[in-house]
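Engineer: Would you mind keeping the following structure in view while I ask a few things?
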Amino acid sequence: MNVRVQYYALLREQAGRSEEAVATQARTPRELYEELSRRYPFSLPAEMLRVAVNAEFGEWSQPLAEGDAVVFIPPVAGG
Amino acid sequence: MNPVREFHLTREPIDVPRARARLADPSCGGYAAFEGWVRDHNEGQRVQHLEYEAFEPLAIKEAERILGEAIERFGVTHAACLHRVGDLAIGEMAVWVGVSARHRHEAFLACRYIIDEVKHRVPIWKKEHYDSGDSGWVNCERCAAVANEQSHGHTHPHAHGDPQGYGEPDVHQPHGLPAPDYSRQMALREVGPQGQARLAASSVLVVGAGGLGVPVLTYLAGAGVGRIGIVDADRLEPSNLHRQTLYALADVGRPKAELAAQRLRTLNPAIAVEVHAVRLDAANGAALIAPYGLVIDCTDNFSTKFLLNDLCMQLGRPAILSSVYQYEGQLQALRPDRGGSCLRCIWPEASRDGLVGSCAEAGVLGPVPGVFGSLQALEALRILLDLPGQLGDELLVLDLTTLTLSRVRARRAAQCHGGACARLPAAPGSGARPAAAASQAAPLEVSFGSLLEAARGGFTLLDIREPPEVRAAPIRGAEVSHVPLRQLLGGEGALEERRRYLLICASGRRSLAAAQELRSRGFAAVFSLSGGLAALEAGD
């Protein structure tokens, strides 16, 4: 399955990219994040992030589908 | 109609029909005017063009006094004077005086009096540029003397920015004070005089006068928002200046709320600017927010953001939240007035400061908060003017390196109803869930002379730094387990109920945040090494 992944803030830094196409076996955003965590040195646990699927905040356990746009968003506080 | 007694300095060509129209009055039978023009010679030298410069605050005050004298002395009804500043070409009008009165006689006399006195007393300098390539400043001795007395400490008479516009009939100057010319925004069909009156009647509280706050404050003051409150307890630091464009290096060390207020009053004397040089907290928050119709969050930390969120949802105040990080940021509008979603609908767990980095830690490029502050100001005006396109239940995430914009729909959480978010903690803004509140009684931070001392004191030591940090500076001399932050908060290497843990990082910031987080999850015996490893090294 192919999905489009976007990273923001700390995750963008740690992944070293803003977005990428990912071919994955992951069935849920949580599995996808775990898979990507093995590839990149992500320091935040999933509990502290939100995931958006196709421009809507979603659940970590919801099913992913071919072509989904997945965005991992950490909270930020700078001003 | 009230007597017109107006003097304005202007960089724009003088619009005589408009100025004259200000003096029209059914009770007046006559109008006299004088126009002063730039001529092409002076004392035998040919003049190419002229420059006028004014010491503005004094010029305005003195000229208004002259107009008052003319009205009183000659019994005229209205009197006005406009004077150009800046560069003028030959033939341009440099000054205009207009008077209207019941009869022609007093109109002529007052007009003559005004132009003579203005030339004599008002501190306006004229620089003539001659054919020969020379130039020279020309001004009367008396006004130079007055200006020097009054401008003690002013090295440059033009330090006060652009002169005010003139002659605009104003529906929104309750005190008759000079105000910017709002015509450019009033020309928008959706704004108009009604929109302008709406802005004048509105009030906005801006929390934080930093990178986000500066553009918000500037645009709202310029737009004529009638009452603006500024909350900021900080003093200006040199490291603020690259992104906080309202301030100057010479201002360093002074309270930012006061500095900002001073600038805004100069920008727009017709609005009320209120200074709250305090840190917004759970004790003062509701009292600060309640008197304002709209709140703009320009803070730089999670605890204040969640507190603001909670208070605005409880008080039913719309709010515009934004945060930036390096080259990107987020924007969210809270609309309790529309039953909208809130910050906790997106982030059910109050996020901890220290885990994702502030401007100080992560760095930020100056225009990034500039962009997001401008978006906040834009959204504020859209709400105040009820313009189309207002943000809904969504989080706007914009990456300025790639200009990628994500608008993520954020539905109101099931527990969040009718503007009273059920997810709110019992004590607003404490950031802790009620069940965990009791366990927060023990201090979060503890200090030790050495890690050995902490271990002897019964603490299990956990180094929560990232693996590269540990490799670069390993801890020696005490038994320490290494559990990087992510694993710790992710629940790997579960904590044992019977142990007391001391979390250790480089500066004590991440360990404090992690300890707060774990306490809120119900682990009572988790502590942070105050000041981190840096404090131990400093004590060596």
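Order determines the names: the first chain of the structure tokens is A, the second B, and so forth; residues in each chain are numbered 1 upward, and ligands are numbered 1 upward as they are shown.
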Quick one: which residues from chain B are at most 6 Å off chain A, using only C-alpha atoms, as a list in words?

Structural biologist: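 Taken together, these residues fit the definition: Gly211, Leu212, Cys298, Thr299, Asp300, Asn301, Phe302, Ser323, Val324, Tyr325, Ser358, Cys359, Val408, Arg409, Ala410, Arg486 and Gly490 of chain B.
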
Engineer: Would you save the residues from that selection as a PDB file, in the first residue's frame, using C-alpha atoms?

Structural biologist:
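Writing done, so here's part_27.pdb:
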```
ATOM      1  CA  GLY B 211       6.996  37.820  17.562  1.00  0.00           C
ATOM      2  CA  LEU B 212       3.317  37.037  17.029  1.00  0.00           C
ATOM      3  CA  CYS B 298       0.499  35.255  21.055  1.00  0.00           C
ATOM      4  CA  THR B 299       2.137  33.390  23.920  1.00  0.00           C
ATOM      5  CA  ASP B 300       5.118  31.089  23.658  1.00  0.00           C
ATOM      6  CA  ASN B 301       4.311  28.291  26.071  1.00  0.00           C
ATOM      7  CA  PHE B 302       1.808  25.482  26.395  1.00  0.00           C
ATOM      8  CA  SER B 323       2.221  28.954  17.633  1.00  0.00           C
ATOM      9  CA  VAL B 324       5.364  28.892  15.551  1.00  0.00           C
ATOM     10  CA  TYR B 325       8.281  26.517  15.340  1.00  0.00           C
ATOM     11  CA  SER B 358      10.403  26.997  22.141  1.00  0.00           C
ATOM     12  CA  CYS B 359      11.810  29.795  19.962  1.00  0.00           C
ATOM     13  CA  VAL B 408      -7.066  19.826   9.062  1.00  0.00           C
ATOM     14  CA  ARG B 409     -10.675  19.530  10.141  1.00  0.00           C
ATOM     15  CA  ALA B 410     -10.919  19.345  13.923  1.00  0.00           C
ATOM     16  CA  ARG B 486      10.220   8.782  23.938  1.00  0.00           C
ATOM     17  CA  GLY B 490       5.657   5.666  25.413  1.00  0.00           C
TER      18      GLY B 490
END
```

Engineer: List every residue of stretch 14-78 of chain A that DSSP, applied to the backbone of this structure, places in strand (DSSP E or B), and write the result as a ChimeraX atom specification.

Structural biologist: /A:19-23,50-53,56-57,69-73,78

Engineer: Please identify which residues in stretch 4-72 of chain A DSSP calls helix (DSSP H, G or I) from the backbone, and express them as number ranges by chain.

Structural biologist: A: 9-15, 29-39, 46-48

Engineer: Please produce a file of the residues just selected, as a CSV table (one decimal), in the first residue's frame, where the atoms kept are N, CA and C atoms.

Structural biologist:
```
chain,number,residue,atom,x,y,z
A,9,ALA,N,7.2,20.3,12.2
A,9,ALA,CA,8.0,20.7,13.3
A,9,ALA,C,9.1,19.7,13.7
A,10,LEU,N,9.1,19.3,14.9
A,10,LEU,CA,10.2,18.4,15.4
A,10,LEU,C,10.3,17.2,14.5
A,11,LEU,N,9.2,16.6,14.1
A,11,LEU,CA,9.2,15.4,13.3
A,11,LEU,C,9.9,15.7,11.9
A,12,ARG,N,9.6,16.9,11.4
A,12,ARG,CA,10.2,17.2,10.1
A,12,ARG,C,11.7,17.3,10.3
A,13,GLU,N,12.2,17.9,11.4
A,13,GLU,CA,13.6,17.9,11.6
A,13,GLU,C,14.2,16.5,11.8
A,14,GLN,N,13.5,15.7,12.5
A,14,GLN,CA,14.1,14.4,12.8
A,14,GLN,C,14.0,13.5,11.6
A,15,ALA,N,13.0,13.7,10.8
A,15,ALA,CA,12.9,12.9,9.5
A,15,ALA,C,13.8,13.5,8.5
A,29,PRO,N,-2.5,4.2,11.4
A,29,PRO,CA,-1.5,5.3,11.6
A,29,PRO,C,-0.5,4.9,12.6
A,30,ARG,N,-0.9,4.2,13.7
A,30,ARG,CA,0.0,3.8,14.8
A,30,ARG,C,1.1,2.9,14.2
A,31,GLU,N,0.7,1.9,13.4
A,31,GLU,CA,1.7,1.0,12.9
A,31,GLU,C,2.6,1.7,11.9
A,32,LEU,N,2.0,2.7,11.2
A,32,LEU,CA,2.9,3.4,10.3
A,32,LEU,C,3.9,4.3,11.0
A,33,TYR,N,3.5,4.9,12.1
A,33,TYR,CA,4.4,5.7,12.9
A,33,TYR,C,5.5,4.8,13.5
A,34,GLU,N,5.1,3.7,14.0
A,34,GLU,CA,6.1,2.7,14.6
A,34,GLU,C,7.1,2.3,13.5
A,35,GLU,N,6.6,2.1,12.3
A,35,GLU,CA,7.5,1.7,11.2
A,35,GLU,C,8.5,2.8,10.9
A,36,LEU,N,7.9,4.0,10.8
A,36,LEU,CA,8.8,5.2,10.5
A,36,LEU,C,9.7,5.5,11.6
A,37,SER,N,9.3,5.2,12.9
A,37,SER,CA,10.2,5.4,14.0
A,37,SER,C,11.4,4.6,14.0
A,38,ARG,N,11.3,3.4,13.3
A,38,ARG,CA,12.5,2.6,13.1
A,38,ARG,C,13.5,3.2,12.1
A,39,ARG,N,12.9,4.0,11.2
A,39,ARG,CA,13.7,4.6,10.2
A,39,ARG,C,14.3,6.0,10.6
A,46,ALA,N,3.8,8.5,20.1
A,46,ALA,CA,2.6,8.8,19.4
A,46,ALA,C,1.5,9.5,20.2
A,47,GLU,N,1.5,9.2,21.5
A,47,GLU,CA,0.5,9.8,22.4
A,47,GLU,C,0.6,11.3,22.4
A,48,MET,N,1.8,11.8,22.1
A,48,MET,CA,1.9,13.3,22.2
A,48,MET,C,1.7,14.0,20.9
```

Engineer: List as CSV every residue of stretch 76-120 of chain B that is in contact with stretch 1-11 of chain B, defined as an atom at most 8 Å from one of its atoms (using only C-alpha atoms), together with the nearest atom pair and the distance in Å rounded to one decimal, sorted by chain and then rising number.

Structural biologist:
```
residue,atom,partner,partner_atom,distance
B:Thr77,CA,B:Pro3,CA,6.1
B:His78,CA,B:Val4,CA,4.8
B:Ala79,CA,B:Arg5,CA,5.2
B:Ala80,CA,B:Glu6,CA,4.7
B:Cys81,CA,B:Phe7,CA,4.8
B:Leu82,CA,B:His8,CA,5.0
B:His83,CA,B:Leu9,CA,4.9
B:Arg84,CA,B:Thr10,CA,4.9
B:Val85,CA,B:Arg11,CA,5.3
B:Gly86,CA,B:Arg11,CA,6.0
```

Engineer: If you count only C-alpha atoms, which residues fall within 7 Å of B:Gly293, apart from same-chain ones fewer than 6 positions away, as number ranges by chain?

Structural biologist: B: 202-204, 317

Engineer: For C-alpha atoms, I'd like the residues from the last selection saved as a compact mmCIF listing (two decimals), in the first residue's frame.

Structural biologist:
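So the final result, stored in part.txt, reads:
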```txt
# COMPACT_ATOMS: atom_id res chain seq x y z
CA SER B 202 -14.62 46.65 19.45
CA SER B 203 -12.09 45.53 22.02
CA VAL B 204 -9.30 42.96 21.72
CA ARG B 317 -14.88 34.62 24.19
```

Engineer: Tell me which protein, DNA and RNA residues are within 6 Å of A:Met1, counting only C-alpha atoms, leaving out same-chain ones fewer than 4 positions away, and put them as number ranges by chain.

Structural biologist: A: 23-24, 66

Engineer: Can you tell me which residues surround B:Arg465 at a distance of at most 10 Å, considering only C-alpha atoms, apart from same-chain residues fewer than 4 positions away, and format the answer as a VMD selection string?

Structural biologist: (chain A and resid 43) or (chain B and resid 469 to 471 482 to 486 503 to 506 510 to 511)

Engineer: Return the single residue from B:Gly339, B:Pro123, B:Gly68, B:Gly370 that is closest to B:Val216, with distances computed using only C-alpha atoms.

Structural biologist: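 Ranked by minimum distance to B:Val216, first place goes to B:Gly370.
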